[in-house]
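*Asks:* Quick one: the structure is below, and I'll ask about it shortly.
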Amino acid sequence: MHFQLTSEQRDLRDSIRTLLARRFGREALWAAVGGGGLDRELWRALGAAGFFALRLPEEAGGVGLGLPEAVLVFEEAGRALLPGPLVATHLAAGYVGGAAEGETVVTAPDGGLVEWLAAADVVRGEVTGAEPIRSVDPLTPLHRVARGSADGGFEAALLTAAEQLGSAGRSTATAVQHARERIQFGRPIGAFQAVKHLCAGMLVRTEVARVAVYAAAVTGDPVEIAGAKLLADEAAVECARDCLQVHGGMGFTWEAEVHLHLKRAWLRRERWLPTARALELQAAALAEAP
């Protein structure tokens, strides 16, 4: 299977990365953490860039691309810690008016949780009796519902895995940069073998997850998506933890963003095909294998 990105796919990834760096940089991130809520202007900018209409046919006003391209843009969203019900709104494009253009914010219950319920214009699913709960991630308000449903299915799981992949890549890059710049005993801490091993392990986990996520995007196979979600969840959580180790005590403070990646990774791990369900799918596939 060929995983080399085409020039068009690289241009798409770079354009989304540039857009997010301009519209959701460090200052915007911390403003959102401080209670800024959902940035509607940013949401409309994403819509104008084709983030939500990416897979709609061109005759329907979309971009006409496929799941592999959607994975690339969601990877960038995960890298930037972009908040909001991105998966639900993307999946609603073409079904809910204004979703494709970023004018309508759509959320949906997944299992017993629903995100950004108060900020959403449209809810796809039953959320009667939803109660607000404290979220570990300050950028993802949550409600608990008695009976939720996973409306997005395996596509939602794959897009969430792509976000986890982007987060793992950002944590790895952040750790390597800090290891090069932080001086201890007259040397960069990256010169010490213990730190080198942490960074090397982060890179391996990220690249293994990348192969699995990209492959699942090409095949669309549910079992491969379940495997990709498991690997991406592990990469996002473990890379953020190792990044915290590289940063030391600074990583736990509001000066660093790595703890935000860890909190978001914990949350995504439990959403859109959580670990237990993904393991059940993998086990069932192995049991049925010839």
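Chain identifiers are assigned as A, B, and so on, following the order in which chains appear in the structure tokens; residues are numbered from 1 within each chain, and ligands are numbered from 1 in order of appearance.
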Could you pull out all residues of region 49-268 of chain A with a DSSP call of strand (DSSP E) and give them as an MDAnalysis selection string?

*Replies:* chainID A and resid 106:107 113:115 122:123 131:133 142:144 183:184 187:188

*Asks:* Can you write just those residues out, N, CA and C atoms, as an mmCIF file, in the first residue's frame?

*Replies:*
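Written file, result.cif:
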data_model
loop_
_atom_site.group_PDB
_atom_site.id
_atom_site.type_symbol
_atom_site.label_atom_id
_atom_site.label_comp_id
_atom_site.auth_asym_id
_atom_site.auth_seq_id
_atom_site.Cartn_x
_atom_site.Cartn_y
_atom_site.Cartn_z
ATOM 1 N N VAL A 106 -22.992 21.776 15.009
ATOM 2 C CA VAL A 106 -23.762 20.549 15.238
ATOM 3 C C VAL A 106 -23.020 19.669 16.232
ATOM 4 N N THR A 107 -23.733 19.137 17.187
ATOM 5 C CA THR A 107 -23.160 18.161 18.097
ATOM 6 C C THR A 107 -24.020 16.905 18.095
ATOM 7 N N LEU A 113 -22.178 10.514 26.638
ATOM 8 C CA LEU A 113 -21.663 11.879 26.696
ATOM 9 C C LEU A 113 -22.035 12.651 25.443
ATOM 10 N N VAL A 114 -22.158 13.959 25.605
ATOM 11 C CA VAL A 114 -22.325 14.845 24.444
ATOM 12 C C VAL A 114 -21.538 16.112 24.744
ATOM 13 N N GLU A 115 -20.754 16.565 23.752
ATOM 14 C CA GLU A 115 -19.884 17.726 23.945
ATOM 15 C C GLU A 115 -20.512 18.987 23.367
ATOM 16 N N VAL A 122 -27.644 22.698 16.530
ATOM 17 C CA VAL A 122 -28.407 21.492 16.185
ATOM 18 C C VAL A 122 -27.796 20.291 16.914
ATOM 19 N N VAL A 123 -28.660 19.439 17.431
ATOM 20 C CA VAL A 123 -28.215 18.200 18.071
ATOM 21 C C VAL A 123 -28.781 17.030 17.279
ATOM 22 N N GLU A 131 -27.410 16.279 31.602
ATOM 23 C CA GLU A 131 -26.954 17.029 32.768
ATOM 24 C C GLU A 131 -25.490 17.407 32.590
ATOM 25 N N PRO A 132 -25.150 18.666 32.898
ATOM 26 C CA PRO A 132 -23.743 19.076 32.764
ATOM 27 C C PRO A 132 -22.867 18.363 33.784
ATOM 28 N N ILE A 133 -21.681 17.987 33.356
ATOM 29 C CA ILE A 133 -20.707 17.366 34.245
ATOM 30 C C ILE A 133 -19.373 18.083 34.085
ATOM 31 N N LEU A 142 -18.924 19.177 28.723
ATOM 32 C CA LEU A 142 -19.624 17.904 28.532
ATOM 33 C C LEU A 142 -20.947 17.868 29.271
ATOM 34 N N HIS A 143 -21.903 17.141 28.698
ATOM 35 C CA HIS A 143 -23.138 16.764 29.372
ATOM 36 C C HIS A 143 -23.226 15.235 29.374
ATOM 37 N N ARG A 144 -23.818 14.703 30.408
ATOM 38 C CA ARG A 144 -24.069 13.270 30.442
ATOM 39 C C ARG A 144 -25.523 13.014 30.068
ATOM 40 N N ILE A 183 18.795 23.643 29.264
ATOM 41 C CA ILE A 183 20.174 23.351 29.648
ATOM 42 C C ILE A 183 20.228 22.910 31.113
ATOM 43 N N GLN A 184 20.881 21.794 31.359
ATOM 44 C CA GLN A 184 21.124 21.306 32.718
ATOM 45 C C GLN A 184 22.574 20.831 32.798
ATOM 46 N N ARG A 187 24.660 21.287 29.666
ATOM 47 C CA ARG A 187 24.366 20.582 28.404
ATOM 48 C C ARG A 187 22.854 20.590 28.171
ATOM 49 N N PRO A 188 22.406 20.536 26.913
ATOM 50 C CA PRO A 188 20.969 20.357 26.660
ATOM 51 C C PRO A 188 20.509 19.028 27.266
#

*Asks:* Could you list, as a count of residues only, every residue within 12 Å of region 283-285 of chain A, counting only C-alpha atoms and ignoring same-chain residues fewer than 3 positions away?

*Replies:* 14

*Asks:* Skipping near chain neighbours, those fewer than 3 positions away, what residues fall within 7 Å of region 199-211 of chain A using only C-alpha atoms, listed as a list in words?

*Replies:*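 So the residues in contact are Leu165, Ala168, Gly169, Thr172, Ala175, Val176, Val195, Lys196, Tyr214, Ala215, Ala228, Leu231, Ala232, Ala235 and Cys239 of chain A.
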
*Asks:* Take CA of Ala217 (chain A) and CA of Leu260 (chain A) and report the distance between them in Å, one decimal.

*Replies:* 26.5 Å

*Asks:* Excluding region 73-79 of chain A and its own-chain neighbours fewer than 5 positions away, which residues fall within 9 Å of it when counting only C-alpha atoms? Please give them as a ChimeraX atom specification.

*Replies:* /A:12-14,16-17,20,51,86-87,159-171,261

*Asks:* As an exercise, work out the distance from CA of Val136 (chain A) to CA of Glu155 (chain A) in Å and give it to one decimal place.

*Replies:*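 A separation of 24.8 Å between them.
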
*Asks:* Excluding Gly66 (chain A) and residues on its chain fewer than 6 positions from it, collect all residues at most 12 Å away from it, counting only C-alpha atoms, and give them as a list in words.

*Replies:*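 Here the answer would be Gln9, Phe51, Phe52, Ala53, Leu54, Arg55, Leu56, Pro57, Glu58, Leu72, Val73, Glu155, Ala217, Val218, Thr219 and Gly220 of chain A.
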
*Asks:* Please indicate the distance in Å from CA of Val258 (chain A) to CA of Leu91 (chain A), rounded to one decimal place.

*Replies:*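 Between these atoms lies a distance of 28.5 Å.
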
*Asks:* Need the shell around Val246 (chain A): protein/DNA/RNA residues with any atom at most 10 Å away, counting only C-alpha atoms. Skip same-chain ones fewer than 4 positions apart. Format as number ranges by chain?

*Replies:* A: 174-176, 178-179, 182, 189-190, 194-196, 198-199, 240-242, 250-251

*Asks:* With all heavy atoms retained, write the just-selected residues as a tab-separated table (two decimals), in the first residue's frame.

*Replies:*
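Listed below is the output, again.tsv:
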chain	number	residue	atom	x	y	z
A	174	THR	N	7.10	19.02	20.55
A	174	THR	CA	7.30	19.92	21.69
A	174	THR	C	8.37	19.37	22.63
A	174	THR	O	9.22	20.12	23.13
A	174	THR	CB	5.97	20.11	22.44
A	174	THR	OG1	4.99	20.64	21.54
A	174	THR	CG2	6.14	21.05	23.61
A	175	ALA	N	8.33	18.08	22.88
A	175	ALA	CA	9.32	17.46	23.77
A	175	ALA	C	10.72	17.57	23.19
A	175	ALA	O	11.69	17.89	23.90
A	175	ALA	CB	8.95	16.00	24.02
A	176	VAL	N	10.86	17.30	21.89
A	176	VAL	CA	12.17	17.37	21.25
A	176	VAL	C	12.72	18.81	21.28
A	176	VAL	O	13.89	19.03	21.58
A	176	VAL	CB	12.08	16.86	19.79
A	176	VAL	CG1	13.37	17.13	19.04
A	176	VAL	CG2	11.77	15.36	19.79
A	178	HIS	N	11.99	21.15	23.48
A	178	HIS	CA	12.37	21.48	24.85
A	178	HIS	C	13.68	20.78	25.22
A	178	HIS	O	14.53	21.37	25.90
A	178	HIS	CB	11.26	21.06	25.80
A	178	HIS	CG	11.49	21.51	27.22
A	178	HIS	ND1	11.33	22.81	27.63
A	178	HIS	CD2	11.89	20.80	28.32
A	178	HIS	CE1	11.61	22.91	28.93
A	178	HIS	NE2	11.96	21.70	29.36
A	179	ALA	N	13.85	19.53	24.78
A	179	ALA	CA	15.07	18.78	25.10
A	179	ALA	C	16.30	19.43	24.46
A	179	ALA	O	17.41	19.33	24.99
A	179	ALA	CB	14.93	17.34	24.62
A	182	ARG	N	16.51	23.23	26.70
A	182	ARG	CA	16.65	23.24	28.16
A	182	ARG	C	18.06	22.79	28.55
A	182	ARG	O	18.49	21.69	28.18
A	182	ARG	CB	15.62	22.31	28.79
A	182	ARG	CG	15.69	22.19	30.30
A	182	ARG	CD	15.28	23.48	30.98
A	182	ARG	NE	15.12	23.28	32.42
A	182	ARG	CZ	14.93	24.27	33.27
A	182	ARG	NH1	14.85	25.51	32.83
A	182	ARG	NH2	14.80	24.02	34.55
A	189	ILE	N	19.33	19.02	27.86
A	189	ILE	CA	18.88	17.77	28.50
A	189	ILE	C	18.69	16.65	27.48
A	189	ILE	O	18.71	15.47	27.84
A	189	ILE	CB	17.58	17.99	29.30
A	189	ILE	CG1	16.43	18.44	28.37
A	189	ILE	CG2	17.79	19.00	30.42
A	189	ILE	CD1	15.08	18.49	29.07
A	190	GLY	N	18.54	17.01	26.21
A	190	GLY	CA	18.42	15.98	25.18
A	190	GLY	C	19.69	15.18	24.99
A	190	GLY	O	19.68	14.13	24.33
A	194	ALA	N	18.48	9.11	29.07
A	194	ALA	CA	17.11	8.87	29.53
A	194	ALA	C	16.11	9.73	28.75
A	194	ALA	O	15.01	9.28	28.42
A	194	ALA	CB	17.00	9.18	31.03
A	195	VAL	N	16.51	10.98	28.45
A	195	VAL	CA	15.62	11.86	27.69
A	195	VAL	C	15.57	11.43	26.23
A	195	VAL	O	14.52	11.45	25.59
A	195	VAL	CB	16.08	13.33	27.82
A	195	VAL	CG1	15.21	14.24	26.99
A	195	VAL	CG2	16.06	13.76	29.27
A	196	LYS	N	16.72	11.01	25.69
A	196	LYS	CA	16.75	10.52	24.30
A	196	LYS	C	15.78	9.35	24.13
A	196	LYS	O	15.04	9.26	23.14
A	196	LYS	CB	18.16	10.06	23.93
A	196	LYS	CG	19.17	11.14	23.70
A	196	LYS	CD	20.52	10.51	23.31
A	196	LYS	CE	21.59	11.56	23.10
A	196	LYS	NZ	22.90	10.93	22.80
A	198	LEU	N	13.12	8.61	25.87
A	198	LEU	CA	11.73	9.07	25.91
A	198	LEU	C	11.29	9.62	24.55
A	198	LEU	O	10.23	9.26	24.03
A	198	LEU	CB	11.56	10.15	26.98
A	198	LEU	CG	11.45	9.72	28.44
A	198	LEU	CD1	11.34	10.95	29.33
A	198	LEU	CD2	10.23	8.83	28.65
A	199	CYS	N	12.14	10.47	23.97
A	199	CYS	CA	11.79	11.10	22.69
A	199	CYS	C	11.73	10.07	21.56
A	199	CYS	O	10.86	10.14	20.69
A	199	CYS	CB	12.78	12.21	22.36
A	199	CYS	SG	12.73	13.62	23.49
A	240	ALA	N	1.92	12.42	25.35
A	240	ALA	CA	1.70	13.59	26.22
A	240	ALA	C	2.30	13.35	27.60
A	240	ALA	O	2.90	14.25	28.20
A	240	ALA	CB	0.20	13.87	26.33
A	241	ARG	N	2.18	12.12	28.12
A	241	ARG	CA	2.79	11.81	29.42
A	241	ARG	C	4.31	11.94	29.35
A	241	ARG	O	4.94	12.51	30.25
A	241	ARG	CB	2.39	10.39	29.85
A	241	ARG	CG	0.99	10.28	30.40
A	241	ARG	CD	0.64	8.84	30.71
A	241	ARG	NE	-0.62	8.75	31.44
A	241	ARG	CZ	-1.30	7.62	31.59
A	241	ARG	NH1	-0.84	6.49	31.06
A	241	ARG	NH2	-2.44	7.62	32.26
A	242	ASP	N	4.92	11.40	28.29
A	242	ASP	CA	6.38	11.49	28.17
A	242	ASP	C	6.82	12.92	27.96
A	242	ASP	O	7.89	13.33	28.43
A	242	ASP	CB	6.85	10.60	27.01
A	242	ASP	CG	6.81	9.12	27.37
A	242	ASP	OD1	6.60	8.81	28.55
A	242	ASP	OD2	6.98	8.29	26.46
A	250	MET	N	7.53	22.06	34.96
A	250	MET	CA	6.96	23.10	34.10
A	250	MET	C	5.78	22.58	33.29
A	250	MET	O	4.85	23.31	32.96
A	250	MET	CB	8.04	23.63	33.14
A	250	MET	CG	7.57	24.77	32.26
A	250	MET	SD	8.78	25.18	30.98
A	250	MET	CE	10.23	25.51	31.98
A	251	GLY	N	5.82	21.29	32.95
A	251	GLY	CA	4.77	20.72	32.12
A	251	GLY	C	3.40	20.71	32.76
A	251	GLY	O	2.38	20.63	32.07

*Asks:* Point out the residue among A:Leu5, A:Pro274, A:Lys263, A:Gly64 with the least atom-to-atom distance to Ala236 (chain A), counting only C-alpha atoms.

*Replies:*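 Closest to Ala236 (chain A), using only C-alpha atoms: A:Lys263.
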
*Asks:* Applying 12 Å and only C-alpha atoms, which residues near Gly47 (chain A) remain after dropping the ones on its own chain fewer than 2 positions away? List them as an NGL selection string.

*Replies:* :A and (16 or 19 or 40-45 or 49-54 or 61-63 or 86 or 89-90 or 93 or 98-105)

*Asks:* Select from region 49-286 of chain A everything DSSP, run on the backbone, classes as alpha helix (DSSP H), then give the selection as a VMD selection string.

*Replies:* chain A and resid 67 to 79 86 to 92 153 to 181 193 to 219 222 to 247 258 to 269 275 to 286
